[in-house]
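Trainee: File model-v4.txt below, compact mmCIF, C-alpha atoms:
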```txt
# COMPACT_ATOMS: atom_id res chain seq x y z
CA MET A 3 10.82 38.82 40.08
CA GLY A 4 10.48 42.24 38.46
CA ARG A 5 9.72 40.67 35.08
CA MET A 6 5.94 40.53 35.52
CA THR A 7 5.66 44.12 36.76
CA ASP A 8 7.76 45.74 34.06
CA SER A 9 5.68 44.25 31.23
CA PRO A 10 2.40 45.83 30.23
CA GLY A 11 -0.21 43.13 30.94
CA ARG A 12 0.45 39.58 31.96
CA ARG A 13 2.38 37.59 29.37
CA ARG A 14 1.06 34.09 28.98
CA VAL A 15 1.18 31.06 26.73
CA LEU A 16 -1.93 29.05 25.88
CA LEU A 17 -0.86 25.48 25.12
CA ALA A 18 -3.28 23.41 23.04
CA SER A 19 -4.41 19.98 24.16
CA PRO A 20 -4.57 17.72 22.27
CA ARG A 21 -1.61 18.54 20.02
CA GLY A 22 1.21 16.65 18.33
CA TYR A 23 1.34 12.93 17.65
CA CYS A 24 -1.86 11.14 16.74
CA ALA A 25 -2.27 7.36 16.98
CA GLY A 26 -1.55 6.77 13.27
CA VAL A 27 1.71 8.74 13.34
CA ASP A 28 2.81 7.13 16.60
CA ARG A 29 2.22 3.70 15.07
CA ALA A 30 4.11 4.54 11.85
CA VAL A 31 7.18 5.98 13.62
CA ILE A 32 7.35 3.04 16.07
CA ALA A 33 6.98 0.66 13.11
CA VAL A 34 10.15 2.07 11.48
CA GLU A 35 12.06 1.89 14.79
CA LYS A 36 10.88 -1.70 15.45
CA ALA A 37 11.72 -2.79 11.90
CA LEU A 38 15.27 -1.40 12.31
CA GLU A 39 15.58 -3.22 15.65
CA GLN A 40 14.22 -6.52 14.34
CA TYR A 41 15.72 -6.66 10.86
CA GLY A 42 18.66 -4.26 11.07
CA ALA A 43 19.46 -1.42 8.69
CA PRO A 44 18.72 -0.53 6.04
CA ILE A 45 14.94 -0.30 6.07
CA TYR A 46 13.72 1.55 3.00
CA VAL A 47 10.70 3.84 3.40
CA ARG A 48 8.70 5.02 0.39
CA HIS A 49 8.09 8.74 0.87
CA GLU A 50 8.46 10.41 4.25
CA ILE A 51 6.97 8.09 6.88
CA VAL A 52 5.15 11.17 8.27
CA HIS A 53 5.39 14.77 7.12
CA ASN A 54 7.92 16.03 9.66
CA LYS A 55 11.51 17.09 9.01
CA TYR A 56 12.82 16.24 12.50
CA VAL A 57 11.24 12.75 12.56
CA VAL A 58 12.65 11.90 9.12
CA GLN A 59 16.16 13.13 10.06
CA THR A 60 16.07 11.15 13.35
CA LEU A 61 15.05 7.92 11.59
CA GLU A 62 17.69 8.44 8.88
CA LYS A 63 20.35 8.55 11.60
CA LYS A 64 19.08 5.16 12.84
CA GLY A 65 19.38 3.57 9.39
CA ALA A 66 16.13 4.29 7.53
CA ILE A 67 16.52 5.25 3.86
CA PHE A 68 13.76 7.38 2.38
CA VAL A 69 13.04 7.00 -1.34
CA GLU A 70 10.51 8.67 -3.61
CA GLN A 71 9.66 5.61 -5.70
CA THR A 72 9.55 1.87 -5.08
CA ASP A 73 11.95 1.09 -7.96
CA GLU A 74 14.73 2.97 -6.11
CA VAL A 75 14.87 0.09 -3.59
CA PRO A 76 17.39 -2.67 -4.52
CA PRO A 77 15.71 -6.11 -4.92
CA GLY A 78 15.70 -8.38 -1.87
CA ASN A 79 15.20 -5.54 0.61
CA ILE A 80 12.40 -4.44 2.93
CA VAL A 81 10.31 -1.40 2.01
CA MET A 82 7.81 0.32 4.27
CA PHE A 83 4.83 2.34 3.03
CA SER A 84 4.16 5.61 4.85
CA ALA A 85 1.23 6.55 7.10
CA HIS A 86 -0.42 8.37 4.16
CA GLY A 87 -1.15 5.14 2.28
CA VAL A 88 -0.37 4.00 -1.26
CA ALA A 89 -2.29 2.99 -4.38
CA PRO A 90 -2.63 -0.75 -5.22
CA THR A 91 -0.16 -0.25 -8.12
CA VAL A 92 2.58 0.47 -5.53
CA HIS A 93 2.01 -2.96 -3.92
CA ASP A 94 2.35 -4.45 -7.44
CA GLU A 95 5.62 -2.54 -7.98
CA ALA A 96 7.00 -3.93 -4.70
CA ARG A 97 6.14 -7.50 -5.74
CA ALA A 98 7.73 -6.98 -9.15
CA GLY A 99 10.82 -5.53 -7.48
CA ARG A 100 11.15 -8.58 -5.16
CA LEU A 101 10.67 -6.53 -2.03
CA ALA A 102 9.26 -7.58 1.34
CA THR A 103 6.80 -4.89 2.47
CA ILE A 104 5.55 -3.35 5.70
CA ASP A 105 2.40 -1.27 5.36
CA ALA A 106 2.31 1.54 7.94
CA THR A 107 -0.77 3.21 6.43
CA CYS A 108 -2.88 4.85 9.14
CA PRO A 109 -5.97 2.66 9.78
CA LEU A 110 -8.19 5.75 9.32
CA VAL A 111 -6.75 6.24 5.82
CA THR A 112 -7.23 2.52 5.11
CA LYS A 113 -10.90 3.00 6.02
CA VAL A 114 -11.25 5.67 3.30
CA HIS A 115 -9.50 3.35 0.79
CA LYS A 116 -12.00 0.60 1.61
CA GLU A 117 -14.93 2.98 1.17
CA ALA A 118 -13.53 4.00 -2.24
CA VAL A 119 -13.27 0.35 -3.32
CA ARG A 120 -16.79 -0.44 -2.09
CA PHE A 121 -18.49 2.56 -3.75
CA ALA A 122 -16.56 1.96 -7.00
CA ALA A 123 -17.73 -1.67 -6.99
CA GLU A 124 -21.31 -0.36 -6.76
CA ASP A 125 -20.50 1.94 -9.73
CA TYR A 126 -20.83 5.26 -7.89
CA ASP A 127 -19.09 8.45 -9.01
CA ILE A 128 -16.82 9.29 -6.07
CA LEU A 129 -15.97 12.92 -5.34
CA LEU A 130 -12.77 12.99 -3.29
CA ILE A 131 -12.34 16.26 -1.39
CA GLY A 132 -8.64 16.93 -0.94
CA HIS A 133 -5.49 18.70 -2.09
CA GLU A 134 -4.04 17.82 -5.47
CA GLY A 135 -0.68 16.08 -5.26
CA HIS A 136 -0.98 15.13 -1.58
CA GLU A 137 0.25 11.55 -1.01
CA GLU A 138 -2.97 10.52 0.72
CA VAL A 139 -5.06 11.75 -2.22
CA ILE A 140 -2.83 9.93 -4.73
CA GLY A 141 -3.15 6.70 -2.70
CA THR A 142 -6.94 6.88 -2.32
CA SER A 143 -7.50 7.87 -5.98
CA GLY A 144 -5.42 4.87 -7.04
CA GLU A 145 -7.95 2.49 -5.47
CA ALA A 146 -10.55 3.35 -8.14
CA PRO A 147 -9.08 5.79 -10.68
CA ASP A 148 -12.00 5.39 -13.10
CA HIS A 149 -14.58 6.34 -10.48
CA ILE A 150 -12.82 9.06 -8.45
CA GLN A 151 -12.47 12.73 -9.25
CA LEU A 152 -10.72 15.24 -7.02
CA VAL A 153 -12.54 18.28 -5.68
CA ASP A 154 -9.93 20.70 -4.33
CA GLY A 155 -12.16 23.11 -2.41
CA PRO A 156 -15.54 24.80 -3.06
CA GLU A 157 -14.22 26.65 -6.14
CA ASP A 158 -13.71 23.27 -7.87
CA VAL A 159 -17.38 22.30 -7.62
CA ALA A 160 -18.51 24.14 -10.77
CA LYS A 161 -16.45 21.89 -13.05
CA VAL A 162 -17.52 18.56 -11.48
CA GLU A 163 -19.50 16.33 -13.84
CA VAL A 164 -21.02 12.95 -13.00
CA ARG A 165 -22.67 10.19 -15.01
CA ASP A 166 -25.72 9.76 -12.77
CA PRO A 167 -26.60 12.43 -10.15
CA SER A 168 -28.46 9.80 -8.11
CA LYS A 169 -25.27 7.73 -7.69
CA VAL A 170 -22.73 10.15 -6.22
CA VAL A 171 -20.82 9.94 -2.93
CA TRP A 172 -18.18 12.18 -1.34
CA LEU A 173 -15.07 11.02 0.52
CA SER A 174 -12.24 13.18 1.84
CA GLN A 175 -8.58 13.41 2.71
CA THR A 176 -8.36 12.84 6.48
CA THR A 177 -6.21 15.89 7.33
CA LEU A 178 -8.32 18.75 5.95
CA SER A 179 -9.93 21.52 7.91
CA VAL A 180 -13.39 20.45 9.09
CA ASP A 181 -14.99 23.79 8.12
CA GLU A 182 -13.43 23.86 4.65
CA THR A 183 -14.60 20.29 3.96
CA MET A 184 -18.16 21.01 5.05
CA GLU A 185 -18.21 24.15 2.88
CA THR A 186 -17.19 22.01 -0.12
CA VAL A 187 -19.77 19.35 0.80
CA GLY A 188 -22.44 22.09 1.03
CA ALA A 189 -21.57 23.35 -2.46
CA LEU A 190 -21.61 19.79 -3.83
CA LYS A 191 -25.03 19.10 -2.26
CA GLU A 192 -26.47 22.19 -3.94
CA LYS A 193 -25.28 20.87 -7.28
CA PHE A 194 -26.10 17.19 -6.55
CA PRO A 195 -29.01 17.06 -4.05
CA GLN A 196 -28.83 13.24 -3.92
CA LEU A 197 -25.15 13.25 -2.90
CA ILE A 198 -24.43 10.56 -0.31
CA SER A 199 -22.12 11.13 2.65
CA PRO A 200 -19.63 8.44 3.69
CA PRO A 201 -20.82 6.03 6.44
CA SER A 202 -18.64 7.97 8.89
CA ASP A 203 -17.07 11.38 8.42
CA ASP A 204 -13.59 10.90 6.91
CA ILE A 205 -11.89 13.79 8.71
CA CYS A 206 -9.86 12.01 11.38
CA TYR A 207 -10.53 12.46 15.08
CA ALA A 208 -7.02 13.91 15.65
CA THR A 209 -7.40 16.54 12.92
CA GLN A 210 -10.78 17.59 14.37
CA ASN A 211 -9.56 17.72 17.97
CA ARG A 212 -6.43 19.74 17.14
CA GLN A 213 -8.51 22.22 15.17
CA LEU A 214 -11.02 22.47 18.02
CA ALA A 215 -8.27 23.37 20.51
CA VAL A 216 -6.85 25.99 18.11
CA LYS A 217 -10.29 27.57 17.66
CA GLU A 218 -10.55 28.10 21.42
CA MET A 219 -6.99 29.37 21.61
CA GLY A 220 -7.05 31.60 18.54
CA ALA A 221 -9.98 33.56 19.94
CA GLN A 222 -7.78 34.63 22.91
CA ALA A 223 -4.24 34.81 21.48
CA GLU A 224 -2.81 37.64 19.37
CA LEU A 225 -0.19 35.25 18.02
CA VAL A 226 -0.40 31.50 17.40
CA ILE A 227 2.70 29.41 16.73
CA VAL A 228 2.04 26.07 15.05
CA VAL A 229 4.94 23.61 15.18
CA GLY A 230 4.96 21.54 12.01
CA SER A 231 6.53 21.07 8.57
CA ARG A 232 5.61 22.95 5.38
CA ASN A 233 4.48 19.74 3.66
CA SER A 234 2.20 18.74 6.54
CA SER A 235 -1.39 19.32 5.43
CA ASN A 236 -2.89 19.16 8.94
CA SER A 237 -0.27 21.60 10.32
CA LYS A 238 -0.99 24.14 7.56
CA ARG A 239 -4.72 23.83 8.31
CA LEU A 240 -4.03 24.71 12.00
CA VAL A 241 -2.51 28.03 10.88
CA GLU A 242 -5.63 28.80 8.82
CA VAL A 243 -7.97 27.80 11.66
CA ALA A 244 -6.09 30.05 14.13
CA LYS A 245 -6.49 33.08 11.85
CA LEU A 246 -10.17 32.37 11.23
CA ALA A 247 -10.70 32.04 15.00
CA GLY A 248 -9.48 35.60 15.48
CA SER A 249 -5.73 35.44 16.06
CA ALA A 250 -4.03 38.49 14.50
CA ALA A 251 -1.08 36.36 13.37
CA ALA A 252 -0.30 32.66 13.03
CA HIS A 253 2.96 31.10 11.85
CA LEU A 254 4.18 27.61 11.01
CA VAL A 255 7.68 26.71 12.26
CA ASP A 256 9.66 23.47 12.21
CA PHE A 257 11.93 24.52 15.08
CA ALA A 258 12.02 27.18 17.83
CA ASP A 259 14.91 29.03 16.18
CA GLU A 260 12.62 29.91 13.25
CA ILE A 261 10.48 32.13 15.49
CA GLU A 262 11.13 35.83 14.89
CA GLU A 263 11.44 38.23 17.85
CA SER A 264 9.38 40.80 15.93
CA TRP A 265 6.31 38.53 16.13
CA LEU A 266 6.13 39.23 19.88
CA GLU A 267 5.79 43.00 19.54
CA GLY A 268 2.69 44.16 21.42
CA VAL A 269 1.70 40.54 22.14
CA THR A 270 0.64 39.41 25.62
CA THR A 271 -0.92 36.04 24.77
CA VAL A 272 0.75 33.44 22.53
CA GLY A 273 -1.01 30.23 21.52
CA VAL A 274 1.15 27.16 20.88
CA THR A 275 0.14 23.91 19.20
CA SER A 276 1.63 21.27 16.91
CA GLY A 277 0.57 19.15 13.97
CA ALA A 278 -0.24 15.45 14.21
CA SER A 279 3.25 14.37 13.06
CA VAL A 280 5.23 16.51 15.53
CA PRO A 281 7.08 15.04 18.54
CA ASP A 282 6.54 17.03 21.75
CA VAL A 283 10.25 17.73 22.23
CA LEU A 284 9.92 20.39 19.49
CA VAL A 285 7.02 22.05 21.35
CA GLU A 286 9.04 22.04 24.58
CA GLN A 287 11.83 23.92 22.78
CA VAL A 288 9.31 26.55 21.65
CA LEU A 289 8.02 26.93 25.22
CA GLU A 290 11.62 27.38 26.46
CA TRP A 291 12.24 30.01 23.76
CA LEU A 292 9.12 31.93 24.83
CA SER A 293 9.95 31.54 28.53
CA ARG A 294 13.33 33.22 28.00
CA ARG A 295 11.42 36.20 26.59
CA GLY A 296 9.08 36.61 29.54
CA PHE A 297 6.30 34.22 28.51
CA GLU A 298 6.63 31.90 31.50
CA ASP A 299 2.97 31.48 32.40
CA VAL A 300 1.58 28.41 30.59
CA GLU A 301 -2.12 27.54 30.58
CA ILE A 302 -3.51 24.40 28.94
CA VAL A 303 -6.47 24.83 26.58
CA LYS A 304 -8.09 21.38 26.59
CA ALA A 305 -10.55 20.63 23.81
CA ALA A 306 -10.81 16.82 23.96
CA GLU A 307 -9.52 13.62 25.54
CA GLU A 308 -7.67 11.21 23.28
CA SER A 309 -7.20 7.56 24.15
CA ILE A 310 -7.09 5.92 20.72
CA THR A 311 -4.20 3.57 19.94
CA PHE A 312 -3.58 1.29 16.96
CA SER A 313 -1.75 -2.03 16.98
CA LEU A 314 1.50 -2.21 14.99
CA PRO A 315 1.53 -3.46 11.36
CA LYS A 316 1.13 -7.24 11.34
CA GLU A 317 4.19 -7.68 9.09
CA LEU A 318 6.43 -6.91 12.08
CA ARG A 319 5.45 -10.31 13.46
CA ARG A 320 7.13 -12.16 10.55
CA ASP A 321 10.74 -12.71 9.47
CA LEU A 322 10.82 -10.29 6.57
CA ARG A 323 14.55 -10.68 5.85
CA GLU A 324 13.88 -14.35 5.17
CA GLU A 325 10.89 -13.44 2.98
CA ALA A 326 13.05 -10.95 1.04
CA ALA A 327 15.77 -13.60 0.55
CA ALA A 328 13.13 -16.07 -0.70
CA LEU A 329 11.85 -13.48 -3.19
CA MET A 330 15.42 -12.99 -4.47
CA ALA A 331 15.94 -16.76 -4.79
CA GLU A 332 12.70 -16.99 -6.76
CA ARG A 333 13.95 -14.26 -9.07
CA THR A 334 17.33 -15.86 -9.69
CA GLY A 335 15.81 -19.30 -10.10
CA GLY A 336 17.79 -20.69 -7.16
CA ALA A 337 16.24 -22.98 -4.57
CA GLN A 338 17.82 -21.14 -1.64
CA ALA A 339 15.21 -19.58 0.66
```
Could you express the structure from this file as structure tokens?

Mentor:
Amino acid sequence: MGRMTDSPGRRRVLLASPRGYCAGVDRAVIAVEKALEQYGAPIYVRHEIVHNKYVVQTLEKKGAIFVEQTDEVPPGNIVMFSAHGVAPTVHDEARAGRLATIDATCPLVTKVHKEAVRFAAEDYDILLIGHEGHEEVIGTSGEAPDHIQLVDGPEDVAKVEVRDPSKVVWLSQTTLSVDETMETVGALKEKFPQLISPPSDDICYATQNRQLAVKEMGAQAELVIVVGSRNSSNSKRLVEVAKLAGSAAAHLVDFADEIEESWLEGVTTVGVTSGASVPDVLVEQVLEWLSRRGFEDVEIVKAAEESITFSLPKELRRDLREEAAALMAERTGGAQA
């Protein structure tokens, strides 16, 4: 009982809502689990299904095998494409490699791919705002490589050149920070006043909502802990948003045991949130860690309601092992399906 009185000021945790899993991640993770249930191990997955260490390790234990490239998958197997999406050439590689495929691309990423295809067909120059090397950017760029150029932040705008300034459109990676994207769009509009915006803003609802909650939280917390992996773009953005919102410190951790005691010095309010590919069990472990150090008071900071769900990839309704066997038979010239 004496804990509250012997600490200067009330120690509290502000817990962001919404946080953690978005609909696209939920769908992708369930798709791997269902595929393992239906077709048995191994199920090959090209790239990490979602950018989270714990999720990948958990699925590996169940029989998923993660590969970097499609040609690492032995012919006659099933390969799943991650939530971040792939370029059309990857689908071609899978066909050439005699692989049955499951596409777990997030429907919001698919929407950006379709916009890229449509604007390229109308011969627009497409300026894709995003981070170089990110899987989502590679996938979207692959839809129309001759029409798309990457703009990696406002400082990239100076070197952008287009064929016809009256036929330019911007699209973006779905997991960026809203403010950073709009700053880049603003700089692009100054250079190309006729720049068209996509039919609907590409930043996904989950990215926006998580950033909104962190903005509210960061203004009140001296320390913000974001649970997420280093290669998760949306998790890294949450750290940046927290600092911009006024938090003195913000750190990204995969697990509770990565938190350093020294971060708590002089801190009375800690904000906690998690990226869109993070299961809530990891957040619960962080809350337990903080509770053991006197931060037992938890208040929810609610920024939005989320009720979006996506149906599972349609390929899970077919017998893909049979399809894979048929592809192998085709390859070997046998008649066996």

Trainee: Any idea what the distance is between CA of Thr186 in chain A and CA of Leu130 in chain A?

Mentor: 10.5 Å

Trainee: Record the distance separating CA of Glu308 in chain A and CA of Lys36 in chain A, expressed in Å with one decimal.

Mentor: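 Between CA of Glu308 in chain A and CA of Lys36 in chain A the gap is 23.9 Å.
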
Trainee: Measuring atom to atom with all atoms listed in the file, identify which of A:Gly220, A:Val300, A:Pro76, A:Val31 is nearest to Thr60 in chain A.

Mentor: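 Looking only at the distances to Thr60 in chain A, the closest residue turns out to be A:Val31.
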
Trainee: What's the 9 Å shell around Val34 in chain A, counting only C-alpha atoms, without same-chain residues fewer than 3 positions away, as a list of chain:residue names?

Mentor: A:Arg29, A:Ala30, A:Val31, A:Ala37, A:Leu38, A:Glu39, A:Ile45, A:Val47, A:Ile51, A:Leu61, A:Ala66, A:Met82, A:Ala106

Trainee: Find the spatial neighbours of Val114 in chain A, counting only C-alpha atoms, within a cut-off of 9 Å - ignore same-chain residues fewer than 6 positions away - and output them as a compact mmCIF listing (two decimals) with C-alpha atoms, keeping the file's coordinate frame.

Mentor:
```
# COMPACT_ATOMS: atom_id res chain seq x y z
CA THR A 142 -6.94 6.88 -2.32
CA LEU A 173 -15.07 11.02 0.52
CA SER A 174 -12.24 13.18 1.84
CA GLN A 175 -8.58 13.41 2.71
CA THR A 176 -8.36 12.84 6.48
CA PRO A 200 -19.63 8.44 3.69
CA ASP A 204 -13.59 10.90 6.91
```

Trainee: Between A:Thr72, A:Thr107, A:Asn236, A:Ser202, single out the one closest to Val27 in chain A, counting all atoms listed in the file.

Mentor: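 Under the stated criterion, the closest residue is A:Thr107.
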
Trainee: Which one of A:Leu322, A:Ala25, A:Leu266, A:Val229 sits closest to Tyr56 in chain A if you count all atoms listed in the file?

Mentor: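 Under the stated criterion, the closest residue is A:Val229.
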
Trainee: Just the residues within 12 Å of Arg120 in chain A, please, counting only C-alpha atoms, with nothing from its chain fewer than 3 positions along; format it as a PyMOL selection string.

Mentor: chain A and resi 113-117+123-128+145-146+149+171+173+200-201

Trainee: Compare A:Glu182, A:Glu218, A:Ser168, A:Arg21 by their minimum atom-to-atom distance to Leu197 in chain A, counting all atoms listed in the file, and give me the closest one.

Mentor: A:Ser168

Trainee: Write out as a PyMOL selection string which residues come within 12 Å of Glu192 in chain A when counting only C-alpha atoms, dropping same-chain ones fewer than 4 positions away.

Mentor: chain A and resi 156+159-160+167+185-188+196-197

Trainee: What separation in Å, quoted to one decimal, exists between CA of Thr177 in chain A and CA of Val162 in chain A?

Mentor: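 Value for the CA of Thr177 in chain A-CA of Val162 in chain A distance: 22.1 Å.
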
Trainee: Of the candidates A:Leu152, A:Val255, A:Ala18, A:Val170, which one gets nearest to Glu134 in chain A if we count only C-alpha atoms?

Mentor: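 The shortest atom-to-atom distance to Glu134 in chain A comes from A:Leu152.
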
Trainee: Give me the residues near range 208-211 of chain A as a ChimeraX atom specification, where near means some atom within 12 Å (using all atoms listed in the file) and where sequence neighbours in that chain fewer than 6 positions away do not count.

Mentor: /A:18-28,108,110,175-183,217-218,234-240,243,275-279,303-311

Trainee: Taking only C-alpha atoms into account, which of A:Lys245, A:Arg294, A:Lys169, A:Arg212 comes nearest Leu225 in chain A?

Mentor: A:Lys245

Trainee: Could range 245-258 of chain A be completed with N, CA and C atoms and written as a PDB file, in the frame of the given file, please?

Mentor:
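Okay, selection-v7.pdb is ready:
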```
ATOM      1  N   LYS A 245      -6.166  31.745  12.392  1.00  0.00           N
ATOM      2  CA  LYS A 245      -6.490  33.080  11.850  1.00  0.00           C
ATOM      3  C   LYS A 245      -7.990  33.285  11.777  1.00  0.00           C
ATOM      4  N   LEU A 246      -8.713  32.265  11.330  1.00  0.00           N
ATOM      5  CA  LEU A 246     -10.170  32.370  11.230  1.00  0.00           C
ATOM      6  C   LEU A 246     -10.813  32.528  12.608  1.00  0.00           C
ATOM      7  N   ALA A 247     -10.150  31.971  13.632  1.00  0.00           N
ATOM      8  CA  ALA A 247     -10.700  32.040  15.000  1.00  0.00           C
ATOM      9  C   ALA A 247     -10.455  33.410  15.634  1.00  0.00           C
ATOM     10  N   GLY A 248      -9.652  34.245  14.965  1.00  0.00           N
ATOM     11  CA  GLY A 248      -9.480  35.600  15.480  1.00  0.00           C
ATOM     12  C   GLY A 248      -8.071  36.001  15.869  1.00  0.00           C
ATOM     13  N   SER A 249      -7.111  35.079  15.727  1.00  0.00           N
ATOM     14  CA  SER A 249      -5.730  35.440  16.060  1.00  0.00           C
ATOM     15  C   SER A 249      -5.193  36.394  14.992  1.00  0.00           C
ATOM     16  N   ALA A 250      -4.538  37.481  15.440  1.00  0.00           N
ATOM     17  CA  ALA A 250      -4.030  38.490  14.500  1.00  0.00           C
ATOM     18  C   ALA A 250      -2.934  37.904  13.611  1.00  0.00           C
ATOM     19  N   ALA A 251      -2.157  36.967  14.157  1.00  0.00           N
ATOM     20  CA  ALA A 251      -1.080  36.360  13.370  1.00  0.00           C
ATOM     21  C   ALA A 251      -0.926  34.893  13.753  1.00  0.00           C
ATOM     22  N   ALA A 252      -0.575  34.074  12.772  1.00  0.00           N
ATOM     23  CA  ALA A 252      -0.300  32.660  13.030  1.00  0.00           C
ATOM     24  C   ALA A 252       0.809  32.220  12.103  1.00  0.00           C
ATOM     25  N   HIS A 253       1.801  31.501  12.646  1.00  0.00           N
ATOM     26  CA  HIS A 253       2.960  31.100  11.850  1.00  0.00           C
ATOM     27  C   HIS A 253       3.268  29.618  12.044  1.00  0.00           C
ATOM     28  N   LEU A 254       3.764  29.006  10.971  1.00  0.00           N
ATOM     29  CA  LEU A 254       4.180  27.610  11.010  1.00  0.00           C
ATOM     30  C   LEU A 254       5.699  27.551  11.106  1.00  0.00           C
ATOM     31  N   VAL A 255       6.226  26.847  12.115  1.00  0.00           N
ATOM     32  CA  VAL A 255       7.680  26.710  12.260  1.00  0.00           C
ATOM     33  C   VAL A 255       8.033  25.234  12.490  1.00  0.00           C
ATOM     34  N   ASP A 256       9.179  24.827  11.942  1.00  0.00           N
ATOM     35  CA  ASP A 256       9.660  23.470  12.210  1.00  0.00           C
ATOM     36  C   ASP A 256      10.356  23.408  13.565  1.00  0.00           C
ATOM     37  N   PHE A 257      11.112  24.480  13.863  1.00  0.00           N
ATOM     38  CA  PHE A 257      11.930  24.520  15.080  1.00  0.00           C
ATOM     39  C   PHE A 257      11.822  25.891  15.749  1.00  0.00           C
ATOM     40  N   ALA A 258      12.113  25.944  17.050  1.00  0.00           N
ATOM     41  CA  ALA A 258      12.020  27.180  17.830  1.00  0.00           C
ATOM     42  C   ALA A 258      12.872  28.302  17.241  1.00  0.00           C
TER      43      ALA A 258
END
```
